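Here's the structure, in structure tokens; my notes come after.
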Amino acid sequence: MSATTEPAAAVAAPSPVVRQKSSTWRHIRYVLSENPVTLFAAVLFLCFAAMAIFGPAVAPYDPLASDTIRALEGPSRAHWFGTDQLGRDILSRVIVAARIDLGIAVASVALVFAAGGLAGLAAGFFGGWVDAVVGRIADTIMAFPLFVLAMGIVAALGNTIPNIVLATAIINFPLYARVARAETITRREAGFVDAARLSGHRDGVLLLTQVLPNIMPIMVVQMSLTMGYAILNAAGLSFIGLGVRPPTAEWGIMVAEGASFIVSGEWWIALFPGATLMLAVFCFNLLGDGLRDIVDPRRRT
Amino acid sequence: MRAVLMRLAGAVPTIFGVVVVTFLLTRVLPGDTATYFAGPAATAESIAQIKASLGLDQPLPVQFWRYLVALGHGDLGMSLTTGQPVLKELVTRLPASAELTLCGLFLAIGIALPLGVLAAVRQGSIIDHACRIISTAGVSLPVFFTGLLLVYVFYFVLGWAPAPLGRLDTFATPPRPLTGAFLIDSLAIGDFETFRATASQLALPAITLALFALAPIARITRASMLAVLGSEFIRTARASGLSGPKVVVTYALRNALLPVVTVLGMVFSFLLGANVLVEKVFAWPGIGSFAVEALIASDFAPVQGFVLTMAILYVLLNLGIDLLNRAIDPRARRAA
Amino acid sequence: MTAPVLRVEDLSVAFHTRNGVVRALDRINFAVDAGQTMALVGESGSGKSVTAYAIMGLLEEAGKITGGRALLSGTDLVACSPRALSRIRGRRIAMIFQNPRAALNPIRAVGRQIADVLLRHGGATAANAKQRAIEALQAVGIPDPARRANAYPFELSGGMCQRVMIAIAVAARPELLIADEPTTGLDVTTQAVVMDLIQAMAAETGMATILITHDLALAAERASRIAVMHAGHMVEDCDTATLLAQPRHPYTARLIAATPSATGRLEALQSVPGGLPDLRRNDLPPCRYAARCERRAEACDRVITMRDIAPHHRIGCWNPLEQAA
């Protein structure tokens with residue numbers, strides 16, 4: 001949400017990425033030591049990654065096993081986060097859900113990174129009708145309230161997880177295409193592309209060897225900044241009953257299931273998955289801000 | 001006035017794009033619609049027959065033309081679940097959504113603007129830190145979750161708020177419809193009891209939306225106030241000895257509002273989406289919950305109508321933002 | 001002799017930055033008489049503008065006045081509360097800046113910007129403020145002032161904008177006008193017109209003017225007295241004719257040699273060697289020009305104070321140039 005589209009500094013040397021490597025590490029260490037918040041976000045990120053990878057192995061209970069005798073129990077020593085209406089262990093469900101929630105977000109961000117990034121790259125590099133078409137598509141997507149468009153896409157394509165991924169990717173397309181386009185134009189104007197062209201390289205080669213590596217850092221920042229939004233978006237869709245279906249453990253659905261118990265005071269069913277969701281989004285937003293400081297120190301706020 | 005018309009004309013291609021996309025969404029899997037209409041016991045022939053009767057066997061341009069003609073007549077199809085025309089459903093439910101969204105927005109602006117301004121004027125103060133924390137944490141909040149938290153605290157624990165079950169208590173009678181916004185309608189007839197009841201039902205969902213919209217507004221207000229306060233014309237105003245409030249409000253804030261107004265477009269995009277979730281949490285009888293109910297029942301026409309309505313509303317809101325921008329910025333006025 | 005309008009005594013300013021304390025001004029002394037135009041001349045970074053901002057009380061957050069006084073007809077501006085200062089600024093002391101278009105509020109009609117100042121200081125009432133603003137525009141020579149009062153800065157030329165700035169500055173008839181590079185960025189003919197206007201306004205109201213410029217030629221043409229600044233020190237201060245003919249500080253001499261004149265040849269131009277010292281250093285030499293100076297001597301290690309070497313001619317140098325015969 002804090003994404004900006006101004007181009008970052010133009011780098012003029014032919015392969016600045018390699019040359020800067022050692023100073024980049026120093027800079028990363030500097031940023032992390034100067035900015036404990038980013039360090040905190042990085043640690044949190046590792047925790048979430050571990051949850052996604054090892055989730056089922058570390059969960060204390062089977063996330064789908066119901067035990068109706070112990071239904072709707074509050075947090076206790078046996079069930080740290082309590083149990084839900086079917087007696088399932090909420091802690092286990094929260095842990096196992098990390099994989100699907102983060103999986104959807106990662107898949108959609110990867111998808112839009114590839115599609116939006118390449119479209120923006122082509123638009124910025126070739127200009128002309130390519131630029132016009134990409135711009136038109138981005139504008140049309142932006143003409144919709146994005147979550148509403150995602151709802152419509154999932155409704156039309158069918159209520160499945162791949163379609164949630166696709167919809168989330170589509171609504172992020174304009175952002176990626178614009179950033180990639182702006183960055184490409186700066187790089188193109190920086191001159192080293194012209195230099196490479198004069199020495200006889202073809203456009204496609206140029207694009208992939210000269211421009212792409214140089215816009216990579218800023219695109220990675222973009223990915224981190226949109227991860228949080230992608231998670232929110234997917235969880236929102238499943239909260240209203242799209243995509244992931246019960247009894248699968250997923251944060252949005254778990255909050256939805258807990259919603260009806262809030263008014264009768266069983267707060268833990270919705271609170272723990274909701275808080276975890278919030279923490280995950282918060283983590284990615286902080287991480288994105290931190291990465292931006294590393295990649296582009298001048299844009300600090 | 002001419003400028004307004006020019007801008008309206010400029011929005012036509014965008015609306016056309018929106019209509020095309022909504023049309024394409026309905027035709028992505030044309031087989032499904034017919035199969036759905038035909039029911040579970042359908043044969044290949046009966047599906048084909050239904051396709052023909054729905055015009056789905058026609059070439060796409062013909063279908064699009066028919067879709068346009070139907071739109072021109074205000075025909076968005078029928079809702080299978082309620083048996084009502086989609087347009088009628090949307091029109092009856094729109095005021096509830098609009099009242100909620102606008103209350104949330106005004107609340108957000110009312111808090112975020114002063115917060116952002118104070119944070120910028122007193123840079124490094126507690127308010128500044130609060131503003132930065134709120135604007136980072138605020139964008140991380142899942143609205144449906146904050147809504148539930150508020151319900152738990154203010155309804156279940158404290159008992160201050162009424163049950164999250166719509167716009168009015170089931171036993172209360174809504175005011176005679178005038179604008180459809182209960183707050184305004186009840187005030188118009190001087191029914192303060194209904195006004196109070198409406199306001200108390202509205203409070204939690206509106207606060208939920210406001211918490212969500214607050215963050216980006218506060219963030220951009222702070223950033224643009226900081227930029228403006230460092231600018232040369234503010235130095236001139238200070239060098240001229242203008243009073244503090246004059247410098248901050250008349251000189252700095254009005255200039256700082258330009259980026260804020262621009263960001264409102266993005267805020268609306270988020271707000272209209274968040275509205276759907278909040279309506280579900282609070283059983284708010286708006287167009288969002290209508291669409292959600294239809295979605296779950298695989299009732300497609302209302303979803304399409306909803307997406308189209310929201311998109312057109314959004315285009316119009318952006319138009320309004322543009323006009324607001326012109327009202328503030330003489331450069332934008334003269335450029336036309 | 002009348003008391004000067006402004007007397008600056010031992011004014012020192014430091015900026016606290018992340019990378020250390022910048023001693024931007026060190027014990028600056030000078031005075032300006034009513035009606036006089038005095039120029040503050042030096043390279044960028046020499047502390048001319050900092051001097052002006054310190055006097056105005058407009059230093060940015062990191063800048064602090066660490067010592068000295070600035071007496072405006074007896075009122076010590078350094079000791080004034082922010083509130084009292086804001087009543088003095090614009091009324092008794094005013095300032096104009098370079099890049100006039102950016103110095104004006106872009107979304108407020110210029111007439112209203114003048115009216116704002118008149119309402120604050122000039123005794124205008126809500127009823128007559130607009131009319132008084134139009135008169136002020138007329139006084140600075142803007143044609144068709146009634147129409148131009150409704151114009152926005154982006155609709156006016158740079159020269160017009162600087163006239164508006166002057167109108168704002170002199171609206172309340174201040175005792176002192178500080179013009180900070182008022183002609184930088186304007187084209188040559190406009191520069192002359194703007195300077196003529198400033199001097200005409202000064203002559204009419206009797207206000208003193210401090211002209212801040214890096215352009216020694218402009219100072220020579222417009223000011224009756226020139227004070228030369230270098231790296232936060234004042235190095236030489238005397239009347240224009242003497243300074244140009246017989247500079248005593250080596251830096252002044254270099255500066256004159258680096259300034260093109262109408263009669264001189266371009267090949268004769270010399271740039272000043274070296275750069276300004278790093279003002280964050282804790283071991284700054286007493287003379288901040290020492291590192292660049294070809295006349296450096298042992299005596300230069302003593303603490304420098306400005307001293308009179310002739311009536312109304314002060315320098316801050318232990319080994320000055322000889323007086324030409």
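Order determines the names: the first chain of the structure tokens is A, the second B, and so forth; residues in each chain are numbered 1 upward, and ligands are numbered 1 upward as they are shown.
Residues within 8 Å of segment 257-269 of chain A, counting only C-alpha atoms and excluding same-chain residues fewer than 6 positions away, are Leu72, Gly74, Pro75, Phe81, Gly82, Thr83, Asp84 and Ile90 of chain A; Leu148, Val151, Tyr152, Tyr155, Phe156, Val157, Ala163 and Val281 of chain B.
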Restricting it to C-alpha atoms, dump the selection as a PDB file, in the first residue's frame.
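Listing of result.pdb after writing:
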```pdb
ATOM      1  CA  LEU A  72     -15.777 -24.964  22.440  1.00  0.00           C
ATOM      2  CA  GLY A  74     -11.281 -22.045  26.027  1.00  0.00           C
ATOM      3  CA  PRO A  75      -7.493 -21.923  26.005  1.00  0.00           C
ATOM      4  CA  PHE A  81      -5.611 -21.698  21.697  1.00  0.00           C
ATOM      5  CA  GLY A  82      -8.727 -23.624  22.784  1.00  0.00           C
ATOM      6  CA  THR A  83     -10.962 -25.789  20.640  1.00  0.00           C
ATOM      7  CA  ASP A  84     -13.615 -24.901  18.085  1.00  0.00           C
ATOM      8  CA  ILE A  90      -7.200 -24.300  17.139  1.00  0.00           C
TER       9      ILE A  90
ATOM     10  CA  LEU B 148     -15.332  -9.074  15.150  1.00  0.00           C
ATOM     11  CA  VAL B 151     -18.207  -6.701  18.432  1.00  0.00           C
ATOM     12  CA  TYR B 152     -16.672  -8.827  21.136  1.00  0.00           C
ATOM     13  CA  TYR B 155     -21.247  -5.830  22.437  1.00  0.00           C
ATOM     14  CA  PHE B 156     -20.351  -8.916  24.439  1.00  0.00           C
ATOM     15  CA  VAL B 157     -18.018  -7.568  27.128  1.00  0.00           C
ATOM     16  CA  ALA B 163     -26.151  -6.844  18.485  1.00  0.00           C
ATOM     17  CA  VAL B 281     -19.743  -9.348   9.721  1.00  0.00           C
TER      18      VAL B 281
END
```
Find the nearest atom pair between each residue of chain B and chain C for residues within 10 Å, count only C-alpha atoms, give distances in Å to one decimal, sort rows by chain and ascending number, and present the table as JSON lines.
```
{"residue": "B:Gly230", "atom": "CA", "partner": "C:Glu60", "partner_atom": "CA", "distance": 9.1}
{"residue": "B:Ser231", "atom": "CA", "partner": "C:Ala102", "partner_atom": "CA", "distance": 8.0}
{"residue": "B:Glu232", "atom": "CA", "partner": "C:Ala103", "partner_atom": "CA", "distance": 4.8}
{"residue": "B:Phe233", "atom": "CA", "partner": "C:Ala103", "partner_atom": "CA", "distance": 4.0}
{"residue": "B:Ile234", "atom": "CA", "partner": "C:Asn105", "partner_atom": "CA", "distance": 7.5}
{"residue": "B:Arg235", "atom": "CA", "partner": "C:Ala103", "partner_atom": "CA", "distance": 7.5}
{"residue": "B:Thr236", "atom": "CA", "partner": "C:Ala103", "partner_atom": "CA", "distance": 6.0}
{"residue": "B:Ala237", "atom": "CA", "partner": "C:Leu104", "partner_atom": "CA", "distance": 8.4}
{"residue": "B:Arg238", "atom": "CA", "partner": "C:Ser86", "partner_atom": "CA", "distance": 7.4}
{"residue": "B:Ala239", "atom": "CA", "partner": "C:Arg89", "partner_atom": "CA", "distance": 5.8}
{"residue": "B:Ser240", "atom": "CA", "partner": "C:Gly90", "partner_atom": "CA", "distance": 4.0}
{"residue": "B:Gly241", "atom": "CA", "partner": "C:Ser86", "partner_atom": "CA", "distance": 4.4}
{"residue": "B:Leu242", "atom": "CA", "partner": "C:Arg120", "partner_atom": "CA", "distance": 6.6}
{"residue": "B:Ser243", "atom": "CA", "partner": "C:Ser86", "partner_atom": "CA", "distance": 7.0}
{"residue": "B:Gly244", "atom": "CA", "partner": "C:Ser86", "partner_atom": "CA", "distance": 8.6}
{"residue": "B:Lys246", "atom": "CA", "partner": "C:Asp116", "partner_atom": "CA", "distance": 9.0}
{"residue": "B:Thr250", "atom": "CA", "partner": "C:Arg108", "partner_atom": "CA", "distance": 9.1}
{"residue": "B:Tyr251", "atom": "CA", "partner": "C:Asn105", "partner_atom": "CA", "distance": 6.9}
{"residue": "B:Ala252", "atom": "CA", "partner": "C:Asn105", "partner_atom": "CA", "distance": 8.8}
{"residue": "B:Arg254", "atom": "CA", "partner": "C:Ile107", "partner_atom": "CA", "distance": 8.2}
{"residue": "B:Asn255", "atom": "CA", "partner": "C:Ile107", "partner_atom": "CA", "distance": 7.1}
{"residue": "B:Ile328", "atom": "CA", "partner": "C:Ile107", "partner_atom": "CA", "distance": 7.5}
{"residue": "B:Asp329", "atom": "CA", "partner": "C:Ile107", "partner_atom": "CA", "distance": 5.8}
{"residue": "B:Pro330", "atom": "CA", "partner": "C:Ile107", "partner_atom": "CA", "distance": 6.0}
{"residue": "B:Arg331", "atom": "CA", "partner": "C:Phe154", "partner_atom": "CA", "distance": 7.4}
{"residue": "B:Arg334", "atom": "CA", "partner": "C:Glu155", "partner_atom": "CA", "distance": 9.3}
```
Would you write out those residues with C-alpha atoms, as a PDB file, in the first residue's frame?
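Below is the file that was written, result_12.pdb:
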```pdb
ATOM      1  CA  GLY B 230       9.773  22.227   4.069  1.00  0.00           C
ATOM      2  CA  SER B 231       8.916  24.102   0.905  1.00  0.00           C
ATOM      3  CA  GLU B 232      10.006  27.583  -0.016  1.00  0.00           C
ATOM      4  CA  PHE B 233       6.639  29.259   0.065  1.00  0.00           C
ATOM      5  CA  ILE B 234       6.142  28.184   3.667  1.00  0.00           C
ATOM      6  CA  ARG B 235       9.456  29.847   4.444  1.00  0.00           C
ATOM      7  CA  THR B 236       8.085  32.985   2.758  1.00  0.00           C
ATOM      8  CA  ALA B 237       4.919  32.805   4.820  1.00  0.00           C
ATOM      9  CA  ARG B 238       6.977  32.479   7.999  1.00  0.00           C
ATOM     10  CA  ALA B 239       9.301  35.276   6.877  1.00  0.00           C
ATOM     11  CA  SER B 240       6.202  37.429   6.423  1.00  0.00           C
ATOM     12  CA  GLY B 241       5.313  36.821  10.049  1.00  0.00           C
ATOM     13  CA  LEU B 242       1.979  35.167   9.292  1.00  0.00           C
ATOM     14  CA  SER B 243       0.483  33.545  12.376  1.00  0.00           C
ATOM     15  CA  GLY B 244       1.116  29.871  13.083  1.00  0.00           C
ATOM     16  CA  LYS B 246      -2.473  30.741   9.131  1.00  0.00           C
ATOM     17  CA  THR B 250      -4.212  28.192   4.963  1.00  0.00           C
ATOM     18  CA  TYR B 251      -0.771  27.842   3.450  1.00  0.00           C
ATOM     19  CA  ALA B 252       0.494  24.340   4.252  1.00  0.00           C
ATOM     20  CA  ARG B 254      -4.388  23.351   1.568  1.00  0.00           C
ATOM     21  CA  ASN B 255      -1.350  22.497  -0.514  1.00  0.00           C
ATOM     22  CA  ILE B 328      -8.347  23.095  -4.745  1.00  0.00           C
ATOM     23  CA  ASP B 329      -5.688  23.470  -7.418  1.00  0.00           C
ATOM     24  CA  PRO B 330      -5.886  26.421  -9.817  1.00  0.00           C
ATOM     25  CA  ARG B 331      -3.215  24.833 -12.002  1.00  0.00           C
ATOM     26  CA  ARG B 334      -6.460  26.444 -15.941  1.00  0.00           C
TER      27      ARG B 334
END
```
Exercise for the section: Considering only C-alpha atoms, extract the chain B residues located within 8 Å of chain A and return them as a ChimeraX atom specification. Expected result: /B:14,17-18,25-26,28-29,136-137,139-142,144-145,148-149,151-152,155-157,163,216,223,268-270,272-274,277,280-281,292,295-296,298,300,303-304,307,310-311,314-315
Practice task
Using atom CA of Arg178 of chain A and atom CA of Gly120 of chain A as the two end points, give the distance in Å to one decimal.
Solution key: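 Interatomic distance, atom CA of Arg178 of chain A to atom CA of Gly120 of chain A: 6.0 Å.
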Can you pull out the residues contacting segment 201-204 of chain C? Cut-off 10 Å, using only C-alpha atoms, and skip same-chain residues under 5 positions away; I want them as a PDB file with C-alpha atoms, in the first residue's frame.
```pdb
ATOM      1  CA  ALA C  34      19.050  53.243   7.628  1.00  0.00           C
ATOM      2  CA  GLY C  35      18.780  53.695   3.896  1.00  0.00           C
ATOM      3  CA  GLN C  36      22.063  51.883   3.338  1.00  0.00           C
ATOM      4  CA  THR C  37      22.483  48.929   0.985  1.00  0.00           C
ATOM      5  CA  ALA C 139       3.547  50.225  -6.464  1.00  0.00           C
ATOM      6  CA  VAL C 140       5.910  47.461  -7.626  1.00  0.00           C
ATOM      7  CA  ILE C 166       8.842  42.539  -3.117  1.00  0.00           C
ATOM      8  CA  ALA C 167       5.288  43.793  -2.689  1.00  0.00           C
ATOM      9  CA  VAL C 170       7.549  45.905   1.750  1.00  0.00           C
ATOM     10  CA  ARG C 173       7.098  49.214   5.347  1.00  0.00           C
ATOM     11  CA  PRO C 174       9.837  47.331   7.233  1.00  0.00           C
ATOM     12  CA  GLU C 175      12.991  48.981   8.561  1.00  0.00           C
ATOM     13  CA  LEU C 176      15.172  46.299   7.014  1.00  0.00           C
ATOM     14  CA  LEU C 177      14.895  44.189   3.887  1.00  0.00           C
ATOM     15  CA  MET C 195      17.317  45.445  -8.414  1.00  0.00           C
ATOM     16  CA  ASP C 196      16.185  48.907  -9.537  1.00  0.00           C
ATOM     17  CA  THR C 209      18.835  46.602   2.613  1.00  0.00           C
TER      18      THR C 209
END
```
Problem - All residues 12 Å or closer to segment 269-281 of chain C, only C-alpha atoms, same chain fewer than 2 positions away omitted, as an NGL selection string - result: :C and (13-26 or 42-47 or 229-233 or 250-261 or 263-267 or 283-294)
Neighbours of segment 185-198 of chain B within 9 Å (only C-alpha atoms; same-chain residues fewer than 3 positions away dropped), as a compact mmCIF listing (two decimals) with N, CA and C atoms, in the first residue's frame?
```txt
# COMPACT_ATOMS: atom_id res chain seq x y z
N PRO B 162 -25.31 -2.39 20.29
CA PRO B 162 -26.35 -3.38 20.05
C PRO B 162 -25.80 -4.59 19.29
N ARG B 167 -29.23 -2.84 10.26
CA ARG B 167 -29.29 -1.38 10.38
C ARG B 167 -30.15 -0.94 11.55
N LEU B 168 -31.16 -1.76 11.88
CA LEU B 168 -32.06 -1.36 12.96
C LEU B 168 -32.49 -2.61 13.70
N ASP B 169 -32.83 -2.42 14.95
CA ASP B 169 -33.39 -3.49 15.74
C ASP B 169 -34.61 -4.06 15.01
N ALA B 172 -37.84 -2.25 15.67
CA ALA B 172 -37.99 -0.84 15.31
C ALA B 172 -38.45 -0.72 13.86
N THR B 173 -39.16 0.36 13.59
CA THR B 173 -39.58 0.59 12.21
C THR B 173 -38.64 1.60 11.58
N PRO B 174 -38.19 1.31 10.38
CA PRO B 174 -37.32 2.28 9.71
C PRO B 174 -38.09 3.54 9.37
N PRO B 175 -37.39 4.65 9.29
CA PRO B 175 -38.08 5.91 8.95
C PRO B 175 -38.61 5.86 7.51
N ARG B 176 -39.60 6.71 7.25
CA ARG B 176 -40.16 6.80 5.90
C ARG B 176 -39.01 7.09 4.92
N PRO B 177 -38.89 6.26 3.89
CA PRO B 177 -37.74 6.44 3.00
C PRO B 177 -37.77 7.77 2.25
N LEU B 178 -36.66 8.48 2.35
CA LEU B 178 -36.55 9.76 1.66
C LEU B 178 -35.30 9.68 0.79
N THR B 179 -34.18 9.53 1.48
CA THR B 179 -32.92 9.29 0.77
C THR B 179 -32.53 7.82 0.87
N GLY B 180 -33.13 7.11 1.83
CA GLY B 180 -32.74 5.73 2.05
C GLY B 180 -31.67 5.63 3.13
N ALA B 181 -31.00 6.75 3.42
CA ALA B 181 -30.04 6.76 4.52
C ALA B 181 -30.81 7.03 5.80
N PHE B 182 -30.82 6.05 6.70
CA PHE B 182 -31.67 6.16 7.90
C PHE B 182 -31.31 7.37 8.75
N GLN B 201 -26.49 1.41 15.83
CA GLN B 201 -26.24 0.24 14.99
C GLN B 201 -25.08 0.50 14.03
N LEU B 202 -25.01 1.74 13.58
CA LEU B 202 -24.04 2.11 12.56
C LEU B 202 -22.63 2.24 13.13
N ALA B 203 -22.56 2.54 14.44
CA ALA B 203 -21.27 2.95 15.01
C ALA B 203 -20.17 1.92 14.77
```
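Interatomic distance, atom CA of Ser73 of chain C against atom CA of Asn29 of chain C: 15.5 Å.
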Exercise for the section: Quote the spacing between atom CA of Ser12 of chain C and atom CA of Thr66 of chain C in Å to one decimal place. Expected result: 5.3 Å
Practice task
With a distance cut-off of 9 Å and only C-alpha atoms, select the neighbouring residues of Met219 of chain A, excluding the residue or stretch itself and same-chain residues fewer than 6 positions from it, and output the selection as a list in words.
Solution key: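 My list of contacting residues is Phe113, Gly117, Tyr176, Val179 and Ala180 of chain A.
For the residues B:Ala218, B:Ile321, B:Arg7, B:Phe306, ranking by smallest atom-to-atom distance to Ile133 of chain B using only C-alpha atoms places B:Ala218 first.
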